[in-house]
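Enquirer: The following file, coords.cif, comprises mmCIF, C-alpha atoms:
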```cif
data_target
#
loop_
_atom_site.label_atom_id
_atom_site.label_comp_id
_atom_site.auth_asym_id
_atom_site.auth_seq_id
_atom_site.Cartn_x
_atom_site.Cartn_y
_atom_site.Cartn_z
CA ASP A 26 0.00 0.00 0.00
CA ALA A 27 1.50 3.33 -1.03
CA GLY A 28 2.31 5.82 1.67
CA VAL A 29 2.31 9.59 1.44
CA ILE A 30 4.14 10.61 -1.71
CA GLN A 31 5.97 13.91 -1.99
CA SER A 32 7.76 15.51 -4.89
CA PRO A 33 10.32 16.70 -5.59
CA ARG A 34 12.64 15.07 -3.05
CA HIS A 35 15.21 17.77 -3.56
CA GLU A 36 14.85 21.25 -4.99
CA VAL A 37 17.60 23.79 -5.44
CA THR A 38 16.52 27.18 -6.67
CA GLU A 39 17.60 30.77 -6.70
CA MET A 40 16.17 33.49 -4.55
CA GLY A 41 13.07 35.02 -6.10
CA GLN A 42 11.99 31.92 -7.96
CA GLU A 43 8.69 30.20 -7.44
CA VAL A 44 8.76 26.81 -5.73
CA THR A 45 5.95 24.27 -5.81
CA LEU A 46 5.98 21.21 -3.56
CA ARG A 47 3.51 18.41 -4.16
CA CYS A 48 1.86 15.81 -2.00
CA LYS A 49 -0.34 12.80 -2.54
CA PRO A 50 -1.88 11.61 0.74
CA ILE A 51 -2.81 8.06 1.60
CA SER A 52 -6.08 7.16 -0.03
CA GLY A 53 -9.00 7.52 2.35
CA HIS A 54 -7.24 9.89 4.72
CA ASP A 55 -9.33 12.98 5.41
CA TYR A 56 -6.62 15.08 7.03
CA LEU A 57 -3.56 16.51 5.32
CA PHE A 58 -0.81 18.47 7.04
CA TRP A 59 2.17 20.46 5.77
CA TYR A 60 5.14 20.74 8.16
CA ARG A 61 8.51 22.40 7.91
CA GLN A 62 11.49 21.02 9.80
CA THR A 63 14.07 23.43 11.15
CA MET A 64 16.74 23.02 13.80
CA MET A 65 15.33 25.82 15.91
CA ARG A 66 11.66 24.90 15.88
CA GLY A 67 11.62 21.22 15.03
CA LEU A 68 8.54 20.18 13.07
CA GLU A 69 6.47 23.30 12.60
CA LEU A 70 2.94 23.08 11.27
CA LEU A 71 2.29 25.34 8.32
CA ILE A 72 -1.28 24.41 7.41
CA TYR A 73 -3.69 21.54 7.58
CA PHE A 74 -6.76 20.48 5.63
CA ASN A 75 -9.79 18.43 6.53
CA ASN A 76 -11.77 17.04 3.61
CA ASN A 77 -9.84 19.37 1.26
CA VAL A 78 -10.79 22.47 3.27
CA PRO A 79 -8.03 24.49 4.97
CA ILE A 80 -8.70 24.43 8.71
CA ASP A 81 -5.71 26.17 10.24
CA ASP A 82 -3.18 28.17 8.24
CA SER A 83 -1.88 30.21 11.14
CA GLY A 84 1.54 28.60 10.74
CA MET A 85 2.05 29.89 7.22
CA PRO A 86 4.95 32.30 7.73
CA GLU A 87 3.84 35.03 5.36
CA ASP A 88 1.95 35.79 2.21
CA ARG A 89 4.69 34.29 0.10
CA PHE A 90 3.42 30.88 1.18
CA SER A 91 0.20 29.38 -0.13
CA ALA A 92 -1.29 25.90 -0.10
CA LYS A 93 -4.11 24.27 -1.99
CA MET A 94 -5.91 20.97 -1.96
CA PRO A 95 -8.03 20.80 -5.11
CA ASN A 96 -9.10 17.21 -4.45
CA ALA A 97 -8.70 14.43 -1.92
CA SER A 98 -5.59 13.01 -3.57
CA PHE A 99 -3.44 16.06 -4.19
CA SER A 100 -2.08 19.10 -2.42
CA THR A 101 0.50 21.75 -3.24
CA LEU A 102 2.57 24.13 -1.16
CA LYS A 103 3.82 27.11 -3.11
CA ILE A 104 6.44 29.69 -2.17
CA GLN A 105 6.59 32.79 -4.32
CA PRO A 106 9.04 34.45 -4.26
CA SER A 107 11.40 32.12 -2.44
CA GLU A 108 14.08 33.38 -0.05
CA PRO A 109 17.21 31.72 1.41
CA ARG A 110 15.55 31.53 4.85
CA ASP A 111 12.92 29.22 3.35
CA SER A 112 15.57 26.52 3.00
CA ALA A 113 14.34 23.55 5.03
CA VAL A 114 12.80 20.12 4.72
CA TYR A 115 9.08 20.27 4.06
CA PHE A 116 6.97 17.31 5.07
CA CYS A 117 3.47 16.38 4.09
CA ALA A 118 1.51 14.07 6.37
CA SER A 119 -1.96 12.57 6.31
CA SER A 120 -4.22 10.85 8.78
CA SER A 121 -7.58 9.14 8.77
CA THR A 122 -8.74 10.67 12.00
CA VAL A 123 -7.64 12.81 14.86
CA PRO A 124 -6.88 11.39 18.30
CA ILE A 125 -9.96 10.81 20.42
CA PRO A 126 -8.82 9.65 23.86
CA GLY A 127 -10.79 6.68 24.98
CA PHE A 128 -12.00 5.81 21.51
CA PHE A 129 -8.98 5.67 19.28
CA ASP A 130 -5.51 4.91 20.53
CA THR A 131 -3.65 6.04 17.45
CA GLY A 132 -4.76 8.87 15.21
CA GLU A 133 -1.17 9.18 14.22
CA LEU A 134 0.16 11.07 11.24
CA PHE A 135 1.72 9.27 8.30
CA PHE A 136 4.55 11.33 6.86
CA GLY A 137 6.03 11.46 3.41
CA GLU A 138 9.78 11.34 2.91
CA GLY A 139 10.01 15.11 2.68
CA SER A 140 11.13 17.68 0.14
CA ARG A 141 14.48 19.28 0.86
CA LEU A 142 14.44 22.85 -0.40
CA THR A 143 17.58 24.91 -0.85
CA VAL A 144 17.21 28.52 -1.89
CA LEU A 145 20.47 30.13 -2.97
CA ASP B 11 6.26 30.04 21.62
CA GLN B 12 7.31 26.40 21.81
CA GLN B 13 4.54 24.48 23.58
CA VAL B 14 6.36 21.16 23.44
CA LYS B 15 10.00 21.13 24.46
CA GLN B 16 12.73 18.57 24.17
CA ASN B 17 15.61 20.11 26.04
CA SER B 18 18.21 17.49 25.18
CA PRO B 19 19.25 17.78 21.55
CA SER B 20 21.27 14.59 21.75
CA LEU B 21 21.76 11.47 23.83
CA SER B 22 24.30 8.63 23.65
CA VAL B 23 23.66 5.25 25.23
CA GLN B 24 25.51 1.95 25.26
CA GLU B 25 23.82 -0.96 23.51
CA GLY B 26 21.74 -3.01 25.91
CA ARG B 27 21.24 -0.16 28.37
CA ILE B 28 18.15 1.96 28.87
CA SER B 29 17.53 5.09 26.79
CA ILE B 30 15.35 7.76 28.38
CA LEU B 31 14.12 10.60 26.22
CA ASN B 32 12.31 13.47 27.87
CA CYS B 33 9.65 15.91 26.78
CA ASP B 34 7.98 18.81 28.58
CA TYR B 35 4.87 20.70 27.59
CA THR B 36 3.27 23.91 28.70
CA ASN B 37 -0.40 23.51 27.84
CA SER B 38 -2.42 21.50 30.35
CA MET B 39 -5.17 21.11 27.77
CA PHE B 40 -3.19 18.65 25.69
CA ASP B 41 -4.98 15.33 25.82
CA TYR B 42 -2.93 13.06 23.61
CA PHE B 43 0.80 12.54 23.16
CA LEU B 44 2.83 10.70 20.58
CA TRP B 45 6.43 9.81 19.88
CA TYR B 46 7.86 9.69 16.40
CA LYS B 47 11.14 8.28 15.19
CA LYS B 48 13.02 9.73 12.24
CA TYR B 49 15.92 8.30 10.29
CA PRO B 50 18.01 10.55 8.00
CA ALA B 51 16.42 11.30 4.63
CA GLU B 52 13.14 9.73 5.72
CA GLY B 53 9.89 11.06 7.11
CA PRO B 54 9.04 10.59 10.80
CA THR B 55 7.25 7.37 11.64
CA PHE B 56 4.87 6.79 14.50
CA LEU B 57 6.32 4.91 17.45
CA ILE B 58 3.99 4.98 20.44
CA SER B 59 1.27 7.14 21.93
CA ILE B 60 -0.47 7.80 25.21
CA SER B 61 -3.77 9.34 26.12
CA SER B 62 -4.02 11.88 28.93
CA ILE B 63 -6.27 9.48 30.81
CA LYS B 64 -3.36 7.08 31.22
CA ASP B 65 0.05 7.40 32.85
CA LYS B 66 1.84 4.57 31.09
CA ASN B 67 1.72 2.78 27.77
CA GLU B 68 3.99 -0.05 26.79
CA ASP B 69 4.78 -1.61 23.42
CA GLY B 70 7.59 -4.11 23.39
CA ARG B 71 10.85 -2.40 24.23
CA PHE B 72 9.18 1.02 24.24
CA THR B 73 7.32 2.54 27.17
CA VAL B 74 5.94 6.03 27.44
CA PHE B 75 5.26 7.59 30.83
CA LEU B 76 3.05 10.61 31.38
CA ASN B 77 3.20 12.83 34.46
CA LYS B 78 0.38 15.33 34.02
CA SER B 79 1.08 17.26 37.19
CA ALA B 80 4.62 17.93 36.02
CA LYS B 81 3.58 18.32 32.37
CA HIS B 82 6.24 15.84 31.47
CA LEU B 83 6.48 12.68 29.45
CA SER B 84 9.30 10.33 28.78
CA LEU B 85 10.10 7.52 26.39
CA HIS B 86 12.03 4.54 27.70
CA ILE B 87 13.74 2.11 25.36
CA VAL B 88 14.93 -1.10 26.98
CA PRO B 89 17.21 -2.62 25.89
CA SER B 90 18.60 -0.09 23.45
CA GLN B 91 19.80 -1.38 20.10
CA PRO B 92 21.99 0.25 17.43
CA GLY B 93 18.97 0.33 15.10
CA ASP B 94 17.27 2.66 17.57
CA SER B 95 19.74 5.40 16.62
CA ALA B 96 17.53 8.12 15.17
CA VAL B 97 15.94 11.45 15.98
CA TYR B 98 12.93 11.16 18.28
CA PHE B 99 10.16 13.74 18.24
CA CYS B 100 7.60 14.23 20.94
CA ALA B 101 4.19 15.55 19.84
CA ALA B 102 1.06 16.70 21.66
CA TRP B 103 -2.54 17.08 20.52
CA ARG B 104 -5.41 19.15 21.79
CA ASP B 105 -8.97 18.51 20.71
CA GLY B 106 -10.01 20.81 17.91
CA ASN B 107 -6.44 21.87 17.42
CA GLN B 108 -3.29 20.52 15.89
CA PHE B 109 -0.27 18.39 16.64
CA TYR B 110 2.54 20.34 18.31
CA PHE B 111 6.00 18.88 17.90
CA GLY B 112 9.17 19.30 19.89
CA THR B 113 12.56 20.03 18.35
CA GLY B 114 13.71 16.41 18.57
CA THR B 115 16.39 14.44 20.40
CA SER B 116 19.07 12.62 18.44
CA LEU B 117 19.71 9.23 20.02
CA THR B 118 22.93 7.34 19.33
CA VAL B 119 23.18 3.77 20.55
CA ILE B 120 26.81 2.71 20.73
CA PRO B 121 27.47 -0.96 19.91
#
```
Can you turn what I pasted into structure tokens?
Expert:
Amino acid sequence: DAGVIQSPRHEVTEMGQEVTLRCKPISGHDYLFWYRQTMMRGLELLIYFNNNVPIDDSGMPEDRFSAKMPNASFSTLKIQPSEPRDSAVYFCASSSTVPIPGFFDTGELFFGEGSRLTVL
Amino acid sequence: DQQVKQNSPSLSVQEGRISILNCDYTNSMFDYFLWYKKYPAEGPTFLISISSIKDKNEDGRFTVFLNKSAKHLSLHIVPSQPGDSAVYFCAAWRDGNQFYFGTGTSLTVIP
């Protein structure tokens, strides 16, 4: 069974260029999350969707970042224009539910392998 | 502000001994906690979880302990194996909210 698929795995671009990261969640998962990994803040949530609808985008650093989920099997994270400080590993994750103590004992996120972005 | 903190960036343990990874949180409303393991160039994978209504959960060599009064949880790995060498992330969930992750602890198990 395929896991969460992200592309590209590596992206090197120059400052000012547009970057688009892609994610295909696990089929049947209703929740999709975009995270950014940095040394200072660990895994930082950027945005998450429930049934293709953005629920919380408060983690999106600024207007240069945007995310879409046009259907249940595809999401994009776009940075325009990109800056060197955007260099990081971006993870997409999906889940079938959220934790409900007493009812579910998992609710865990399934992560993709990440997209390593380097902005020169 | 970081709501989930892992104050030890790294930890080294001899093979066969116990590894103890610690995590502190600030929000008493968190009601679910998870540990993830991450190898280089891979995404994090779920390891073990615990609900706020429990104080211990065990799965094989892995046990998570929750001390709600201290807002502290820990992951114990016994016995530690070289394959356990990875970065471990602690995460917390609050109903109607999101997963909050710590900054990670890099565990090295020395053969």
Enquirer: Would you mind telling me which residue in A:Glu43, A:Thr143, A:Ala113, A:Arg34 lies nearest to Gly67 of chain A when using all atoms listed in the file?
Expert: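 Using all atoms listed in the file, Gly67 of chain A sits closest to A:Ala113.
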Enquirer: Starting from chain B, keep only residues with some atom at most 9 Å from an atom of chain A, counting all atoms listed in the file, and report them as a PyMOL selection string.
Expert: chain B and resi 12+41-42+44+51-56+58-63+99+103-114
Enquirer: Given the selection you just returned, output its residues as a file containing C-alpha atoms, formatted as a PDB file, in the coordinates of the input.
Expert:
```pdb
ATOM      1  CA  GLN B  12       7.310  26.400  21.810  1.00  0.00           C
ATOM      2  CA  ASP B  41      -4.980  15.330  25.820  1.00  0.00           C
ATOM      3  CA  TYR B  42      -2.930  13.060  23.610  1.00  0.00           C
ATOM      4  CA  LEU B  44       2.830  10.700  20.580  1.00  0.00           C
ATOM      5  CA  ALA B  51      16.420  11.300   4.630  1.00  0.00           C
ATOM      6  CA  GLU B  52      13.140   9.730   5.720  1.00  0.00           C
ATOM      7  CA  GLY B  53       9.890  11.060   7.110  1.00  0.00           C
ATOM      8  CA  PRO B  54       9.040  10.590  10.800  1.00  0.00           C
ATOM      9  CA  THR B  55       7.250   7.370  11.640  1.00  0.00           C
ATOM     10  CA  PHE B  56       4.870   6.790  14.500  1.00  0.00           C
ATOM     11  CA  ILE B  58       3.990   4.980  20.440  1.00  0.00           C
ATOM     12  CA  SER B  59       1.270   7.140  21.930  1.00  0.00           C
ATOM     13  CA  ILE B  60      -0.470   7.800  25.210  1.00  0.00           C
ATOM     14  CA  SER B  61      -3.770   9.340  26.120  1.00  0.00           C
ATOM     15  CA  SER B  62      -4.020  11.880  28.930  1.00  0.00           C
ATOM     16  CA  ILE B  63      -6.270   9.480  30.810  1.00  0.00           C
ATOM     17  CA  PHE B  99      10.160  13.740  18.240  1.00  0.00           C
ATOM     18  CA  TRP B 103      -2.540  17.080  20.520  1.00  0.00           C
ATOM     19  CA  ARG B 104      -5.410  19.150  21.790  1.00  0.00           C
ATOM     20  CA  ASP B 105      -8.970  18.510  20.710  1.00  0.00           C
ATOM     21  CA  GLY B 106     -10.010  20.810  17.910  1.00  0.00           C
ATOM     22  CA  ASN B 107      -6.440  21.870  17.420  1.00  0.00           C
ATOM     23  CA  GLN B 108      -3.290  20.520  15.890  1.00  0.00           C
ATOM     24  CA  PHE B 109      -0.270  18.390  16.640  1.00  0.00           C
ATOM     25  CA  TYR B 110       2.540  20.340  18.310  1.00  0.00           C
ATOM     26  CA  PHE B 111       6.000  18.880  17.900  1.00  0.00           C
ATOM     27  CA  GLY B 112       9.170  19.300  19.890  1.00  0.00           C
ATOM     28  CA  THR B 113      12.560  20.030  18.350  1.00  0.00           C
ATOM     29  CA  GLY B 114      13.710  16.410  18.570  1.00  0.00           C
TER      30      GLY B 114
END
```
Enquirer: Could you name the residues that touch Gln105 of chain A at 12 Å or less, counting only C-alpha atoms, but leaving out those on the same chain fewer than 2 positions away, as a count of residues only?
Expert: 21
Enquirer: Give as a ChimeraX atom specification the residues that the PyMOL selection byres ((chain B and resi 65-68) around 12) matches when applied to the coordinates above.
Expert: /A:130 /B:41-45,57-64,69-88
Enquirer: Work out how far apart atom CA of Asn32 of chain B and atom CA of Val97 of chain B are and give it in Å to one decimal.
Expert: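 Distance between the two atoms: 12.6 Å.
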Enquirer: Quick one: pull the distance between atom CA of Arg110 of chain A and atom CA of Leu145 of chain A, Å, one decimal.
Expert: 9.3 Å
Enquirer: Do you have the atom CA of Ser83 of chain A-atom CA of Ser116 of chain B distance handy?
Expert: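 Between atom CA of Ser83 of chain A and atom CA of Ser116 of chain B the gap works out to 28.3 Å.
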Enquirer: Running the PyMOL selection byres ((chain A and resi 98) around 7) on this model by hand, what would come out? Give it as a list in words.
Expert: Lys49, Pro50, Ser52, Asn96, Ala97 and Phe99 of chain A
Enquirer: Could you tell me which residues the PyMOL selection byres ((chain B and resi 17) around 8) grabs in this file, written as a PyMOL selection string?
Expert: chain B and resi 15-16+18-19+32-33
Enquirer: Looking at all atoms listed in the file, which of B:Ala96, B:Pro121, B:Ala102, B:Tyr35 is the one that sits closest to Ser20 of chain B?
Expert: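 Using all atoms listed in the file, Ser20 of chain B sits closest to B:Ala96.
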Enquirer: Looking at B:Val119, B:Met39, B:Ile30, B:Leu21, which one is nearest to Ser90 of chain B, with distances taken over only C-alpha atoms?
Expert: B:Val119
Enquirer: Considering all atoms listed in the file, can you say which of A:Met94, A:His35, A:Phe74, A:Gly28 comes closest to Leu57 of chain A?
Expert: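 Residue with the minimum atom-to-atom distance to Leu57 of chain A: A:Phe74.
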Enquirer: Restricting the calculation to all atoms listed in the file: of B:Pro89, B:Thr36, B:Val14, B:Ser29, which residue gets closest to Leu117 of chain B?
Expert: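 Smallest separation from Leu117 of chain B among the options: B:Ser29.
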Enquirer: Quick one: segment 36-59 of chain B with N, CA, C and O atoms, as an mmCIF file, keeping the file's coordinate frame?
Expert:
```
data_model
loop_
_atom_site.group_PDB
_atom_site.id
_atom_site.type_symbol
_atom_site.label_atom_id
_atom_site.label_comp_id
_atom_site.auth_asym_id
_atom_site.auth_seq_id
_atom_site.Cartn_x
_atom_site.Cartn_y
_atom_site.Cartn_z
ATOM 1 N N THR B 36 3.733 22.781 27.900
ATOM 2 C CA THR B 36 3.270 23.910 28.700
ATOM 3 C C THR B 36 1.751 24.001 28.808
ATOM 4 O O THR B 36 1.236 24.624 29.723
ATOM 5 N N ASN B 37 1.046 23.376 27.894
ATOM 6 C CA ASN B 37 -0.400 23.510 27.840
ATOM 7 C C ASN B 37 -1.088 22.328 28.516
ATOM 8 O O ASN B 37 -1.012 21.201 28.034
ATOM 9 N N SER B 38 -1.761 22.572 29.609
ATOM 10 C CA SER B 38 -2.420 21.500 30.350
ATOM 11 C C SER B 38 -3.643 20.942 29.624
ATOM 12 O O SER B 38 -4.210 19.941 30.046
ATOM 13 N N MET B 39 -4.015 21.573 28.526
ATOM 14 C CA MET B 39 -5.170 21.110 27.770
ATOM 15 C C MET B 39 -4.822 20.013 26.771
ATOM 16 O O MET B 39 -5.711 19.422 26.159
ATOM 17 N N PHE B 40 -3.557 19.735 26.597
ATOM 18 C CA PHE B 40 -3.190 18.650 25.690
ATOM 19 C C PHE B 40 -3.778 17.349 26.221
ATOM 20 O O PHE B 40 -3.688 17.054 27.423
ATOM 21 N N ASP B 41 -4.375 16.556 25.338
ATOM 22 C CA ASP B 41 -4.980 15.330 25.820
ATOM 23 C C ASP B 41 -4.492 14.076 25.098
ATOM 24 O O ASP B 41 -5.026 12.989 25.319
ATOM 25 N N TYR B 42 -3.469 14.242 24.288
ATOM 26 C CA TYR B 42 -2.930 13.060 23.610
ATOM 27 C C TYR B 42 -1.489 13.351 23.242
ATOM 28 O O TYR B 42 -1.180 14.462 22.808
ATOM 29 N N PHE B 43 -0.633 12.353 23.407
ATOM 30 C CA PHE B 43 0.800 12.540 23.160
ATOM 31 C C PHE B 43 1.334 11.386 22.325
ATOM 32 O O PHE B 43 0.908 10.241 22.492
ATOM 33 N N LEU B 44 2.262 11.718 21.460
ATOM 34 C CA LEU B 44 2.830 10.700 20.580
ATOM 35 C C LEU B 44 4.340 10.866 20.490
ATOM 36 O O LEU B 44 4.858 11.966 20.668
ATOM 37 N N TRP B 45 5.003 9.780 20.201
ATOM 38 C CA TRP B 45 6.430 9.810 19.880
ATOM 39 C C TRP B 45 6.634 9.324 18.457
ATOM 40 O O TRP B 45 6.031 8.338 18.029
ATOM 41 N N TYR B 46 7.491 10.049 17.747
ATOM 42 C CA TYR B 46 7.860 9.690 16.400
ATOM 43 C C TYR B 46 9.353 9.469 16.334
ATOM 44 O O TYR B 46 10.132 10.101 17.050
ATOM 45 N N LYS B 47 9.739 8.608 15.410
ATOM 46 C CA LYS B 47 11.140 8.280 15.190
ATOM 47 C C LYS B 47 11.484 8.682 13.760
ATOM 48 O O LYS B 47 10.686 8.453 12.836
ATOM 49 N N LYS B 48 12.654 9.279 13.579
ATOM 50 C CA LYS B 48 13.020 9.730 12.240
ATOM 51 C C LYS B 48 14.451 9.347 11.917
ATOM 52 O O LYS B 48 15.388 9.728 12.638
ATOM 53 N N TYR B 49 14.590 8.602 10.813
ATOM 54 C CA TYR B 49 15.920 8.300 10.290
ATOM 55 C C TYR B 49 16.286 9.366 9.260
ATOM 56 O O TYR B 49 15.406 10.002 8.667
ATOM 57 N N PRO B 50 17.589 9.563 9.006
ATOM 58 C CA PRO B 50 18.010 10.550 8.000
ATOM 59 C C PRO B 50 17.374 10.290 6.647
ATOM 60 O O PRO B 50 17.226 9.151 6.230
ATOM 61 N N ALA B 51 16.984 11.348 5.986
ATOM 62 C CA ALA B 51 16.420 11.300 4.630
ATOM 63 C C ALA B 51 15.095 10.543 4.569
ATOM 64 O O ALA B 51 14.670 10.120 3.484
ATOM 65 N N GLU B 52 14.451 10.359 5.711
ATOM 66 C CA GLU B 52 13.140 9.730 5.720
ATOM 67 C C GLU B 52 12.165 10.603 6.499
ATOM 68 O O GLU B 52 12.570 11.477 7.277
ATOM 69 N N GLY B 53 10.877 10.355 6.312
ATOM 70 C CA GLY B 53 9.890 11.060 7.110
ATOM 71 C C GLY B 53 9.769 10.416 8.488
ATOM 72 O O GLY B 53 10.127 9.262 8.689
ATOM 73 N N PRO B 54 9.270 11.171 9.459
ATOM 74 C CA PRO B 54 9.040 10.590 10.800
ATOM 75 C C PRO B 54 8.024 9.456 10.723
ATOM 76 O O PRO B 54 7.086 9.499 9.926
ATOM 77 N N THR B 55 8.207 8.463 11.556
ATOM 78 C CA THR B 55 7.250 7.370 11.640
ATOM 79 C C THR B 55 6.758 7.236 13.079
ATOM 80 O O THR B 55 7.523 7.427 14.031
ATOM 81 N N PHE B 56 5.504 6.914 13.194
ATOM 82 C CA PHE B 56 4.870 6.790 14.500
ATOM 83 C C PHE B 56 5.489 5.662 15.310
ATOM 84 O O PHE B 56 5.750 4.574 14.781
ATOM 85 N N LEU B 57 5.700 5.918 16.591
ATOM 86 C CA LEU B 57 6.320 4.910 17.450
ATOM 87 C C LEU B 57 5.349 4.434 18.523
ATOM 88 O O LEU B 57 5.041 3.257 18.622
ATOM 89 N N ILE B 58 4.856 5.345 19.323
ATOM 90 C CA ILE B 58 3.990 4.980 20.440
ATOM 91 C C ILE B 58 3.229 6.219 20.882
ATOM 92 O O ILE B 58 3.686 7.352 20.658
ATOM 93 N N SER B 59 2.070 6.003 21.480
ATOM 94 C CA SER B 59 1.270 7.140 21.930
ATOM 95 C C SER B 59 0.702 6.877 23.316
ATOM 96 O O SER B 59 0.757 5.751 23.823
#
```
